[in-house]
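As provided, upload_27.txt (compact mmCIF, C-alpha atoms) reads as follows.
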# COMPACT_ATOMS: atom_id res chain seq x y z
CA MET A 246 104.47 72.83 136.06
CA SER A 247 104.18 76.50 135.21
CA SER A 248 101.73 77.71 132.58
CA GLU A 249 104.57 78.99 130.35
CA ASN A 250 106.30 75.62 130.44
CA SER A 251 103.10 73.80 129.54
CA ARG A 252 102.44 76.25 126.67
CA GLN A 253 105.93 75.57 125.28
CA HIS A 254 105.39 71.85 125.71
CA ALA A 255 102.05 72.02 123.88
CA ARG A 256 103.63 73.95 120.98
CA GLY A 257 106.43 71.38 120.83
CA ARG A 258 103.88 68.56 120.64
CA ARG A 259 101.98 70.35 117.86
CA HIS A 260 105.22 70.91 115.96
CA LEU A 261 106.19 67.24 116.17
CA ARG A 262 102.72 66.20 115.05
CA VAL A 263 102.91 68.50 112.02
CA ARG A 264 106.49 67.46 111.18
CA ARG A 265 105.46 63.80 110.94
CA LYS A 266 103.39 64.77 107.91
CA ILE A 267 105.41 67.61 106.35
CA VAL A 268 108.72 66.89 104.62
CA GLY A 269 110.70 69.28 102.45
CA THR A 270 111.75 67.62 99.20
CA PRO A 271 114.15 68.96 96.55
CA GLU A 272 111.15 69.70 94.29
CA ARG A 273 109.06 71.25 97.07
CA PRO A 274 111.13 72.34 100.09
CA ARG A 275 109.71 73.25 103.49
CA LEU A 276 109.15 76.89 104.51
CA CYS A 277 109.65 76.83 108.27
CA VAL A 278 108.60 79.87 110.30
CA THR A 279 109.46 80.52 113.91
CA LYS A 280 109.38 83.51 116.18
CA THR A 281 110.62 84.83 119.48
CA LEU A 282 109.33 87.73 121.50
CA LYS A 283 111.58 90.11 119.54
CA HIS A 284 112.19 88.58 116.09
CA ILE A 285 110.67 86.50 113.28
CA TYR A 286 112.62 83.93 111.26
CA ALA A 287 111.90 81.98 108.08
CA GLN A 288 113.92 79.25 106.34
CA ILE A 289 113.38 77.18 103.24
CA ILE A 290 114.78 73.71 103.91
CA ASN A 291 115.46 70.59 101.84
CA ASP A 292 114.97 67.86 104.45
CA TYR A 293 116.40 65.10 102.25
CA GLU A 294 119.83 66.71 102.27
CA GLY A 295 119.40 68.62 105.52
CA HIS A 296 120.28 71.95 103.88
CA THR A 297 118.84 75.40 104.39
CA LEU A 298 118.38 76.78 100.89
CA VAL A 299 117.15 80.29 101.76
CA ALA A 300 116.74 82.19 105.03
CA ALA A 301 115.48 85.58 106.18
CA SER A 302 114.82 87.20 109.54
CA THR A 303 114.25 90.54 111.18
CA LEU A 304 117.82 90.38 112.50
CA GLU A 305 119.09 91.31 109.04
CA ASP A 306 119.59 94.99 108.23
CA GLU A 307 117.87 94.54 104.85
CA VAL A 308 114.68 93.41 106.57
CA GLY A 309 114.75 95.13 109.97
CA ASN A 310 115.67 98.66 108.91
CA GLY A 311 112.75 101.04 108.70
CA LEU A 312 110.45 98.91 110.84
CA SER A 313 108.90 100.33 114.00
CA SER A 314 109.15 96.90 115.65
CA THR A 315 110.79 93.61 114.68
CA SER A 316 108.03 91.48 116.20
CA ASN A 317 104.76 92.74 114.70
CA LYS A 318 102.71 91.86 111.61
CA GLU A 319 104.50 94.50 109.54
CA ALA A 320 107.85 92.86 110.32
CA ALA A 321 106.43 89.40 109.56
CA ALA A 322 105.17 90.63 106.18
CA ALA A 323 108.61 92.08 105.41
CA VAL A 324 110.25 88.72 106.19
CA GLY A 325 107.68 86.91 104.02
CA LYS A 326 108.35 89.22 101.09
CA VAL A 327 112.14 88.87 101.38
CA ILE A 328 112.06 85.07 101.74
CA ALA A 329 109.86 84.81 98.64
CA GLU A 330 112.14 87.08 96.60
CA ARG A 331 115.22 85.07 97.61
CA ALA A 332 113.46 81.78 96.87
CA LEU A 333 112.34 82.93 93.43
CA ALA A 334 115.91 84.06 92.70
CA LYS A 335 116.99 80.43 93.36
CA ASP A 336 114.15 79.05 91.18
CA ILE A 337 112.10 77.83 94.14
CA ARG A 338 108.42 78.44 93.38
CA GLN A 339 106.54 75.80 95.39
CA VAL A 340 107.04 75.12 99.07
CA VAL A 341 105.21 73.32 101.83
CA PHE A 342 104.38 75.58 104.81
CA ASP A 343 105.57 74.57 108.29
CA ARG A 344 104.17 76.85 110.99
CA ALA A 345 106.25 75.06 113.65
CA GLY A 346 103.34 74.52 116.00
CA TRP A 347 102.34 78.18 116.10
CA PRO A 348 98.65 78.98 115.49
CA TYR A 349 97.95 80.25 111.97
CA HIS A 350 97.05 83.85 112.81
CA GLY A 351 98.79 87.11 113.57
CA ASN A 352 102.46 87.18 112.59
CA ILE A 353 102.51 83.68 111.09
CA ARG A 354 99.54 84.45 108.85
CA ALA A 355 101.00 87.85 107.83
CA LEU A 356 104.28 86.19 106.81
CA ALA A 357 102.49 83.46 104.83
CA GLU A 358 100.23 85.90 102.98
CA ALA A 359 103.15 88.21 102.11
CA ALA A 360 105.14 85.24 100.76
CA ARG A 361 102.17 84.18 98.62
CA GLU A 362 101.69 87.71 97.28
CA ALA A 363 105.40 87.87 96.39
CA GLY A 364 105.09 84.70 94.28
CA LEU A 365 105.57 81.58 96.42
CA GLU A 366 102.97 78.84 95.99
CA PHE A 367 101.70 76.84 98.97

Now that the file is in, can you turn its structure into structure tokens?
Amino acid sequence: MSSENSRQHARGRRHLRVRRKIVGTPERPRLCVTKTLKHIYAQIINDYEGHTLVAASTLEDEVGNGLSSTSNKEAAAAVGKVIAERALAKDIRQVVFDRAGWPYHGNIRALAEAAREAGLEF
């Protein structure tokens, strides 16, 4: 088993462990954050209906334009700000944060703090 495969497996186990406890309801949907080596994604999800209510990522021109990189803390903060603005426009104020097994530092923390500063509560 390669080290990369075991790292992915460990993140998958952490994500499943967290998802047993975190559920997005209509009153308080789930803010799920994930990342790749090049991009950062965020979705607000109502798990009861299985619907994505709001989404944002660095793939979008609105978010990615003007950034030096689409995979750094600056890009994560831009995604956090945009997801919060879109959520507030749909009257979503409170969410539960799902870090998808990623450690809470770096890009994940930058996205969360930017979303909080823009008005989301979690």

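For the atom pair formed by CA of Gln339 (chain A) and CA of Arg264 (chain A), the distance is 17.9 Å, given to one decimal.
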
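When CA of Ile337 (chain A) is paired with CA of Gly269 (chain A), their separation reads 12.0 Å.
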
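By all atoms listed in the file, and with residues fewer than 5 positions from Thr281 (chain A) along its chain excluded, the set lying at most 12 Å from it is A:Gln253, A:Tyr286, A:Ala287, A:Ser302, A:Thr303, A:Leu304, A:Thr315, A:Ser316, A:Asn317, A:Ala321, A:Trp347, A:Asn352, A:Ile353.
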
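In this model, the gap between CA of Val278 (chain A) and CA of Asp336 (chain A) comes to 19.9 Å.
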
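Comparing the minimum interatomic distances between Val340 (chain A) and each of A:Leu312, A:Ile328, A:Leu282, A:Val263, counting all atoms listed in the file, we find that A:Ile328 sits nearest.
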
Any chance you could export region 268-284 of chain A with C-alpha atoms, as a short mmCIF file (atom, residue, chain, number, x, y, z; two decimals), in the first residue's frame?
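The result, written out as decode-v3.cif:
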data_model
loop_
_atom_site.label_atom_id
_atom_site.label_comp_id
_atom_site.auth_asym_id
_atom_site.auth_seq_id
_atom_site.Cartn_x
_atom_site.Cartn_y
_atom_site.Cartn_z
CA VAL A 268 -26.49 16.13 8.95
CA GLY A 269 -27.72 19.09 6.95
CA THR A 270 -31.33 19.92 7.80
CA PRO A 271 -33.65 22.38 6.04
CA GLU A 272 -33.22 24.79 8.99
CA ARG A 273 -29.44 24.33 9.21
CA PRO A 274 -27.92 22.86 6.03
CA ARG A 275 -24.41 21.43 5.76
CA LEU A 276 -21.51 23.49 4.36
CA CYS A 277 -19.27 20.88 2.76
CA VAL A 278 -15.76 21.88 1.71
CA THR A 279 -13.43 19.85 -0.45
CA LYS A 280 -10.29 20.54 -2.38
CA THR A 281 -8.02 19.16 -5.04
CA LEU A 282 -4.46 20.10 -5.83
CA LYS A 283 -5.70 22.89 -8.12
CA HIS A 284 -9.13 23.99 -6.89
#
